[in-house]
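A.B. asks: I have a structure I would like to understand better, so I am pasting it below and will then ask my questions one at a time.
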Amino acid sequence: MDGTWWQARKDLLSAGMTAVWTGAPHMRTTYHSEEHLNWMREALTMAEEALAAGEVPVGCVFVRDGSVISRARNRTNELRNATRHAELEAIDAIFTDKSLTPKMTQYSLSTTTLYVTVEPCIMCAAALRQLGIKNVFYGCANDRFGGCGSVLGVNEGLGHPSHPPFKAIGGYFHAEAIMLLRRFYVTENNNAPVPRSKTNRVLKTEISPAAIP
């Protein structure tokens with residue numbers, strides 16, 4: 001490994017910044033500002049709530065003009081509805097919360113940023129694009145259903161005059177997001193159609209560096 005790169009990472013961390021390794025020293029490296037990290041911490045709090053409620057631990061916050069306008073977590077088990085992902089729960093709240101101003105509840109999310117612990121799935125990425133989301137920052141990749149590059153690049157592919165692409169950047173609290181998922185998947189899920197015994201599963205703590213699509 002390139003020692004110079006590791007020293008640069010160490011220097012940035014000591015300066016209060018978080019560096020994300022995209023897989024190799026010669027690849028693009030993204031440095032995360034404290035502002036983004038603060039919003040992602042709030043998303044992680046929602047994911048912790050999901051885990052405590054027996055849901056797949058994914059949480060998110062929508063931010064506009066420096067304020068959270070909506071926050072949510074997965075509720076698929078609670079509502080017995082596989083579409084009730086954190087992002088869609090938060091979007092619904094934006095359009096139904098009477099305490100929000102008309103400006104905040106406008107249809108377009110073009111001035112809004114999403115922070116979510118796991119890369120949005122294909123379904124959620126499509127919804128976000130249709131609503132004109134500005135930027136998406138996420139924790140870990142969604143290797144099975146990711147809609148922002150891991151499986152399909154819904155956020156940027158297929159040009160559409162009414163639905164412009166949006167940027168999606170991963171790696172924010174990557175390890176924490178993965179560990180939340182692992183904690184869920186080593187426990188018994190009584191809400192699964194066919195519950196599987198997981199008594200012999202062991203919580204793995206080794207995590208590979210974040211790879212941004």
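Identifiers in the structure tokens: chain A, B, ... in order shown; residue index from 1 per chain; ligand index from 1 in order shown.
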Mind dumping a table of every stretch 36-135 of chain A residue within 7 Å of stretch 146-150 of chain A, with the nearest atom pair and its distance in Å to one decimal, using only C-alpha atoms, sorted by chain and rising number, as a tab-separated table?
C.D. replies:
```
residue	atom	partner	partner_atom	distance
A:Glu119	CA	A:Gly146	CA	5.9
A:Pro120	CA	A:Gly147	CA	5.9
A:Cys121	CA	A:Gly146	CA	4.4
A:Ile122	CA	A:Gly147	CA	3.8
A:Ala125	CA	A:Gly147	CA	5.4
```
A.B. asks: Print the selection's residues with C-alpha atoms to a file, as a tab-separated table (two decimals), in the first residue's frame.
C.D. replies:
```tsv
chain	number	residue	atom	x	y	z
A	119	GLU	CA	-27.53	3.03	-0.93
A	120	PRO	CA	-31.12	3.52	-2.16
A	121	CYS	CA	-32.58	0.51	-3.91
A	122	ILE	CA	-33.71	0.67	-7.54
A	125	ALA	CA	-33.66	5.71	-6.57
```
A.B. asks: Can you tell me, as an NGL selection string, which residues in stretch 38-69 of chain A count as strand (DSSP E or B) by DSSP?
C.D. replies: :A and (59-64 or 67-69)
A.B. asks: May I have the selected residues written with N, CA and C atoms, as a compact mmCIF listing (two decimals), in the first residue's frame?
C.D. replies:
```
# COMPACT_ATOMS: atom_id res chain seq x y z
N GLY A 59 -31.95 3.99 7.93
CA GLY A 59 -32.57 5.24 8.33
C GLY A 59 -32.12 6.36 7.43
N CYS A 60 -32.90 7.44 7.39
CA CYS A 60 -32.54 8.55 6.51
C CYS A 60 -33.06 9.87 7.05
N VAL A 61 -32.48 10.96 6.55
CA VAL A 61 -32.98 12.31 6.80
C VAL A 61 -32.92 13.08 5.49
N PHE A 62 -33.93 13.91 5.24
CA PHE A 62 -33.94 14.83 4.11
C PHE A 62 -33.62 16.22 4.66
N VAL A 63 -32.65 16.89 4.05
CA VAL A 63 -32.18 18.18 4.54
C VAL A 63 -32.37 19.25 3.47
N ARG A 64 -32.91 20.39 3.89
CA ARG A 64 -33.08 21.53 2.98
C ARG A 64 -32.72 22.81 3.73
N SER A 67 -31.71 22.47 7.36
CA SER A 67 -32.64 21.93 8.34
C SER A 67 -33.20 20.60 7.86
N VAL A 68 -33.46 19.71 8.81
CA VAL A 68 -34.10 18.44 8.48
C VAL A 68 -35.58 18.69 8.25
N ILE A 69 -36.08 18.32 7.08
CA ILE A 69 -37.51 18.47 6.81
C ILE A 69 -38.26 17.15 6.95
```
A.B. asks: Could you list, as a ChimeraX atom specification, every residue within 9 Å of A:Leu180, counting only C-alpha atoms and ignoring same-chain residues fewer than 3 positions away?
C.D. replies: /A:44,47-48,51,56-58,175-177,183-185
A.B. asks: Would you write out those residues with N, CA and C atoms, as a short mmCIF file (atom, residue, chain, number, x, y, z; two decimals), in the first residue's frame?
C.D. replies:
```
data_model
loop_
_atom_site.label_atom_id
_atom_site.label_comp_id
_atom_site.auth_asym_id
_atom_site.auth_seq_id
_atom_site.Cartn_x
_atom_site.Cartn_y
_atom_site.Cartn_z
N LEU A 44 -28.14 7.53 11.02
CA LEU A 44 -27.77 6.34 11.77
C LEU A 44 -28.66 6.16 13.00
N ALA A 47 -31.64 4.52 11.86
CA ALA A 47 -31.37 3.11 11.58
C ALA A 47 -31.32 2.30 12.86
N GLU A 48 -30.77 2.89 13.93
CA GLU A 48 -30.75 2.21 15.23
C GLU A 48 -32.18 1.98 15.72
N LEU A 51 -33.54 -1.01 13.91
CA LEU A 51 -33.01 -2.26 14.45
C LEU A 51 -33.73 -2.63 15.74
N VAL A 56 -35.15 -4.10 9.15
CA VAL A 56 -33.84 -3.96 8.52
C VAL A 56 -33.36 -2.55 8.84
N PRO A 57 -32.18 -2.41 9.47
CA PRO A 57 -31.75 -1.11 9.99
C PRO A 57 -31.27 -0.12 8.94
N VAL A 58 -32.21 0.56 8.33
CA VAL A 58 -31.91 1.63 7.38
C VAL A 58 -32.66 2.87 7.85
N ALA A 175 -18.60 1.71 7.76
CA ALA A 175 -18.46 0.57 8.68
C ALA A 175 -19.65 0.48 9.63
N GLU A 176 -20.10 1.63 10.14
CA GLU A 176 -21.22 1.63 11.07
C GLU A 176 -22.50 1.13 10.39
N ALA A 177 -22.71 1.54 9.15
CA ALA A 177 -23.90 1.11 8.41
C ALA A 177 -23.88 -0.40 8.19
N ARG A 183 -25.77 -6.87 12.46
CA ARG A 183 -26.44 -7.14 13.74
C ARG A 183 -27.87 -7.62 13.51
N PHE A 184 -28.51 -7.10 12.49
CA PHE A 184 -29.87 -7.55 12.18
C PHE A 184 -29.86 -8.96 11.62
N TYR A 185 -28.95 -9.22 10.69
CA TYR A 185 -29.00 -10.50 9.97
C TYR A 185 -28.46 -11.68 10.78
#
```
A.B. asks: Can you measure atom CA of A:His85 to atom CA of A:Ser33 for me? One decimal in Å is fine.
C.D. replies: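 One can read the atom CA of A:His85 to atom CA of A:Ser33 distance as 26.7 Å.
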A.B. asks: What does the structure give for the distance between atom CA of A:Ala127 and atom CA of A:Thr112, in Å to one decimal?
C.D. replies: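 Pair atom CA of A:Ala127 / atom CA of A:Thr112 returns 13.8 Å.
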A.B. asks: Mind running stretch 93-200 of chain A against stretch 35-39 of chain A at 12 Å and telling me each contacting residue's nearest atom pair with the distance in Å (one decimal), counting only C-alpha atoms, chain and number ascending, as CSV?
C.D. replies:
```
residue,atom,partner,partner_atom,distance
A:Thr113,CA,A:Trp39,CA,10.0
A:Leu114,CA,A:Trp39,CA,9.1
A:Tyr115,CA,A:Trp39,CA,6.6
A:Val116,CA,A:Trp39,CA,9.1
A:Thr117,CA,A:Trp39,CA,10.5
A:Asn135,CA,A:His36,CA,11.4
A:Val136,CA,A:His36,CA,10.6
A:Phe137,CA,A:His36,CA,8.1
A:Tyr138,CA,A:His36,CA,10.1
A:Gly139,CA,A:Leu37,CA,10.2
A:Ile169,CA,A:His36,CA,11.0
A:Gly170,CA,A:His36,CA,11.4
A:Gly171,CA,A:Leu37,CA,10.5
A:Tyr172,CA,A:Leu37,CA,6.9
A:Phe173,CA,A:Leu37,CA,7.7
A:His174,CA,A:Leu37,CA,11.1
```
A.B. asks: Export, as a short mmCIF file (atom, residue, chain, number, x, y, z; two decimals), in the first residue's frame, the selected residues with C-alpha atoms.
C.D. replies:
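Listing of part_24.cif after writing:
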```cif
data_model
loop_
_atom_site.label_atom_id
_atom_site.label_comp_id
_atom_site.auth_asym_id
_atom_site.auth_seq_id
_atom_site.Cartn_x
_atom_site.Cartn_y
_atom_site.Cartn_z
CA THR A 113 -30.31 16.48 0.00
CA LEU A 114 -30.87 12.94 1.26
CA TYR A 115 -28.64 11.24 3.82
CA VAL A 116 -29.34 7.52 4.11
CA THR A 117 -27.40 4.72 5.76
CA ASN A 135 -27.83 14.98 -3.92
CA VAL A 136 -27.76 11.65 -2.09
CA PHE A 137 -25.12 10.67 0.45
CA TYR A 138 -25.18 7.12 1.78
CA GLY A 139 -23.27 4.86 4.11
CA ILE A 169 -21.85 9.50 -3.04
CA GLY A 170 -21.25 6.63 -0.65
CA GLY A 171 -18.90 5.79 2.19
CA TYR A 172 -20.24 8.00 4.98
CA PHE A 173 -19.96 5.94 8.19
CA HIS A 174 -19.61 2.93 5.91
#
```
A.B. asks: Quote the spacing between atom CA of A:Ala90 and atom CA of A:Glu78 in Å to one decimal place.
C.D. replies: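 So the two atoms, atom CA of A:Ala90 and atom CA of A:Glu78, lie 15.6 Å apart.
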A.B. asks: Let me make sure I understand: among A:Leu109, A:Val154, A:Met179, A:Ala72, which one has the smallest atom-to-atom distance to A:Met123 if we use only C-alpha atoms?
C.D. replies: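 Closest candidate: A:Val154.
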A.B. asks: May I have the residues within 12 Å of A:Glu89 as a list in words, using only C-alpha atoms and disregarding those fewer than 3 positions away in the same chain?
C.D. replies: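 Result of the neighbour search: Met46, Val58, Gly59, Cys60, Val61, Phe62, Ser70, Arg71, Ala72, Arg73, Asn74, Arg75, Thr76, Leu79, Asn81, Ala82, Thr83, Arg84, His85, Ala86, Asp92, Ala93, Ile94, Phe95, Thr96, Asp97, Cys124 and Ala127 of chain A.
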A.B. asks: Can you write out the residues you just picked, keeping C-alpha atoms, as a PDB file, in the first residue's frame?
C.D. replies:
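Printed below is part10.pdb as written:
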```pdb
ATOM      1  CA  MET A  46     -33.004   6.369  12.689  1.00  0.00           C
ATOM      2  CA  VAL A  58     -31.908   1.634   7.384  1.00  0.00           C
ATOM      3  CA  GLY A  59     -32.567   5.240   8.327  1.00  0.00           C
ATOM      4  CA  CYS A  60     -32.544   8.550   6.510  1.00  0.00           C
ATOM      5  CA  VAL A  61     -32.984  12.311   6.795  1.00  0.00           C
ATOM      6  CA  PHE A  62     -33.937  14.829   4.113  1.00  0.00           C
ATOM      7  CA  SER A  70     -38.161  14.750   7.238  1.00  0.00           C
ATOM      8  CA  ARG A  71     -36.622  11.696   8.861  1.00  0.00           C
ATOM      9  CA  ALA A  72     -37.674   8.068   8.752  1.00  0.00           C
ATOM     10  CA  ARG A  73     -36.669   4.424   9.023  1.00  0.00           C
ATOM     11  CA  ASN A  74     -37.682   1.148   7.452  1.00  0.00           C
ATOM     12  CA  ARG A  75     -41.174  -0.032   8.455  1.00  0.00           C
ATOM     13  CA  THR A  76     -41.632  -2.995   6.115  1.00  0.00           C
ATOM     14  CA  LEU A  79     -46.710  -2.429   8.032  1.00  0.00           C
ATOM     15  CA  ASN A  81     -45.531  -3.833   3.124  1.00  0.00           C
ATOM     16  CA  ALA A  82     -42.255  -4.473   1.305  1.00  0.00           C
ATOM     17  CA  THR A  83     -42.269  -0.981  -0.233  1.00  0.00           C
ATOM     18  CA  ARG A  84     -42.132   0.920   3.052  1.00  0.00           C
ATOM     19  CA  HIS A  85     -38.448   1.728   2.864  1.00  0.00           C
ATOM     20  CA  ALA A  86     -37.008   4.599   4.882  1.00  0.00           C
ATOM     21  CA  ASP A  92     -44.640  10.612   2.390  1.00  0.00           C
ATOM     22  CA  ALA A  93     -44.072  12.601   5.573  1.00  0.00           C
ATOM     23  CA  ILE A  94     -42.835  15.589   3.572  1.00  0.00           C
ATOM     24  CA  PHE A  95     -46.072  15.749   1.615  1.00  0.00           C
ATOM     25  CA  THR A  96     -48.417  15.115   4.555  1.00  0.00           C
ATOM     26  CA  ASP A  97     -46.828  17.044   7.437  1.00  0.00           C
ATOM     27  CA  CYS A 124     -36.268   4.315  -4.177  1.00  0.00           C
ATOM     28  CA  ALA A 127     -38.685   7.775  -6.927  1.00  0.00           C
TER      29      ALA A 127
END
```
A.B. asks: May I have all residues of stretch 53-184 of chain A that DSSP, computed from the backbone, assigns to helix (DSSP H, G or I), given as a PyMOL selection string?
C.D. replies: chain A and resi 76-79+86-96+122-130+174-184
A.B. asks: For the selection just defined, write its residues with N, CA and C atoms to a file, as a short mmCIF file (atom, residue, chain, number, x, y, z; two decimals), in the first residue's frame.
C.D. replies:
```
data_model
loop_
_atom_site.label_atom_id
_atom_site.label_comp_id
_atom_site.auth_asym_id
_atom_site.auth_seq_id
_atom_site.Cartn_x
_atom_site.Cartn_y
_atom_site.Cartn_z
N THR A 76 -41.06 -1.93 6.95
CA THR A 76 -41.63 -2.99 6.12
C THR A 76 -42.27 -4.10 6.94
N ASN A 77 -41.64 -4.49 8.03
CA ASN A 77 -42.21 -5.55 8.88
C ASN A 77 -43.43 -5.05 9.63
N GLU A 78 -43.33 -3.86 10.18
CA GLU A 78 -44.43 -3.30 10.96
C GLU A 78 -45.70 -3.16 10.13
N LEU A 79 -45.55 -2.69 8.89
CA LEU A 79 -46.71 -2.43 8.03
C LEU A 79 -47.04 -3.58 7.10
N ALA A 86 -37.21 3.34 4.16
CA ALA A 86 -37.01 4.60 4.88
C ALA A 86 -37.23 5.81 3.99
N GLU A 87 -36.69 5.76 2.76
CA GLU A 87 -36.80 6.91 1.87
C GLU A 87 -38.26 7.24 1.54
N LEU A 88 -39.05 6.22 1.24
CA LEU A 88 -40.45 6.46 0.88
C LEU A 88 -41.27 6.90 2.08
N GLU A 89 -40.93 6.38 3.26
CA GLU A 89 -41.59 6.83 4.47
C GLU A 89 -41.34 8.33 4.69
N ALA A 90 -40.09 8.75 4.48
CA ALA A 90 -39.74 10.16 4.68
C ALA A 90 -40.39 11.05 3.64
N ILE A 91 -40.44 10.58 2.39
CA ILE A 91 -41.07 11.35 1.32
C ILE A 91 -42.55 11.55 1.62
N ASP A 92 -43.22 10.50 2.05
CA ASP A 92 -44.64 10.61 2.39
C ASP A 92 -44.85 11.65 3.49
N ALA A 93 -43.95 11.65 4.47
CA ALA A 93 -44.07 12.60 5.57
C ALA A 93 -43.92 14.04 5.09
N ILE A 94 -43.04 14.24 4.11
CA ILE A 94 -42.84 15.59 3.57
C ILE A 94 -44.13 16.14 3.00
N PHE A 95 -44.88 15.29 2.30
CA PHE A 95 -46.07 15.75 1.62
C PHE A 95 -47.33 15.72 2.48
N THR A 96 -47.23 15.19 3.70
CA THR A 96 -48.42 15.11 4.55
C THR A 96 -48.27 15.89 5.86
N ILE A 122 -33.26 0.23 -6.22
CA ILE A 122 -33.71 0.67 -7.54
C ILE A 122 -35.04 1.40 -7.45
N MET A 123 -35.97 0.86 -6.67
CA MET A 123 -37.28 1.50 -6.51
C MET A 123 -37.15 2.89 -5.93
N CYS A 124 -36.40 3.02 -4.84
CA CYS A 124 -36.27 4.32 -4.18
C CYS A 124 -35.48 5.31 -5.02
N ALA A 125 -34.45 4.82 -5.71
CA ALA A 125 -33.66 5.71 -6.57
C ALA A 125 -34.53 6.29 -7.68
N ALA A 126 -35.42 5.46 -8.23
CA ALA A 126 -36.32 5.94 -9.28
C ALA A 126 -37.26 7.01 -8.74
N ALA A 127 -37.79 6.79 -7.53
CA ALA A 127 -38.69 7.78 -6.93
C ALA A 127 -37.95 9.08 -6.66
N LEU A 128 -36.72 8.98 -6.16
CA LEU A 128 -35.94 10.17 -5.86
C LEU A 128 -35.65 10.97 -7.12
N ARG A 129 -35.36 10.26 -8.20
CA ARG A 129 -35.08 10.96 -9.46
C ARG A 129 -36.33 11.66 -9.98
N GLN A 130 -37.46 11.01 -9.90
CA GLN A 130 -38.70 11.63 -10.36
C GLN A 130 -39.04 12.88 -9.55
N HIS A 174 -19.48 4.21 6.62
CA HIS A 174 -19.61 2.93 5.91
C HIS A 174 -19.59 1.74 6.86
N ALA A 175 -18.60 1.71 7.76
CA ALA A 175 -18.46 0.57 8.68
C ALA A 175 -19.65 0.48 9.63
N GLU A 176 -20.10 1.63 10.14
CA GLU A 176 -21.22 1.63 11.07
C GLU A 176 -22.50 1.13 10.39
N ALA A 177 -22.71 1.54 9.15
CA ALA A 177 -23.90 1.11 8.41
C ALA A 177 -23.88 -0.40 8.19
N ILE A 178 -22.72 -0.93 7.85
CA ILE A 178 -22.59 -2.37 7.63
C ILE A 178 -22.81 -3.15 8.92
N MET A 179 -22.24 -2.66 10.02
CA MET A 179 -22.39 -3.38 11.28
C MET A 179 -23.85 -3.41 11.75
N LEU A 180 -24.59 -2.34 11.49
CA LEU A 180 -26.01 -2.36 11.82
C LEU A 180 -26.72 -3.47 11.06
N LEU A 181 -26.42 -3.58 9.77
CA LEU A 181 -27.04 -4.63 8.95
C LEU A 181 -26.65 -6.02 9.46
N ARG A 182 -25.38 -6.19 9.80
CA ARG A 182 -24.92 -7.49 10.29
C ARG A 182 -25.60 -7.86 11.61
N ARG A 183 -25.77 -6.87 12.46
CA ARG A 183 -26.44 -7.14 13.74
C ARG A 183 -27.87 -7.62 13.51
N PHE A 184 -28.51 -7.10 12.49
CA PHE A 184 -29.87 -7.55 12.18
C PHE A 184 -29.86 -8.96 11.62
#
```
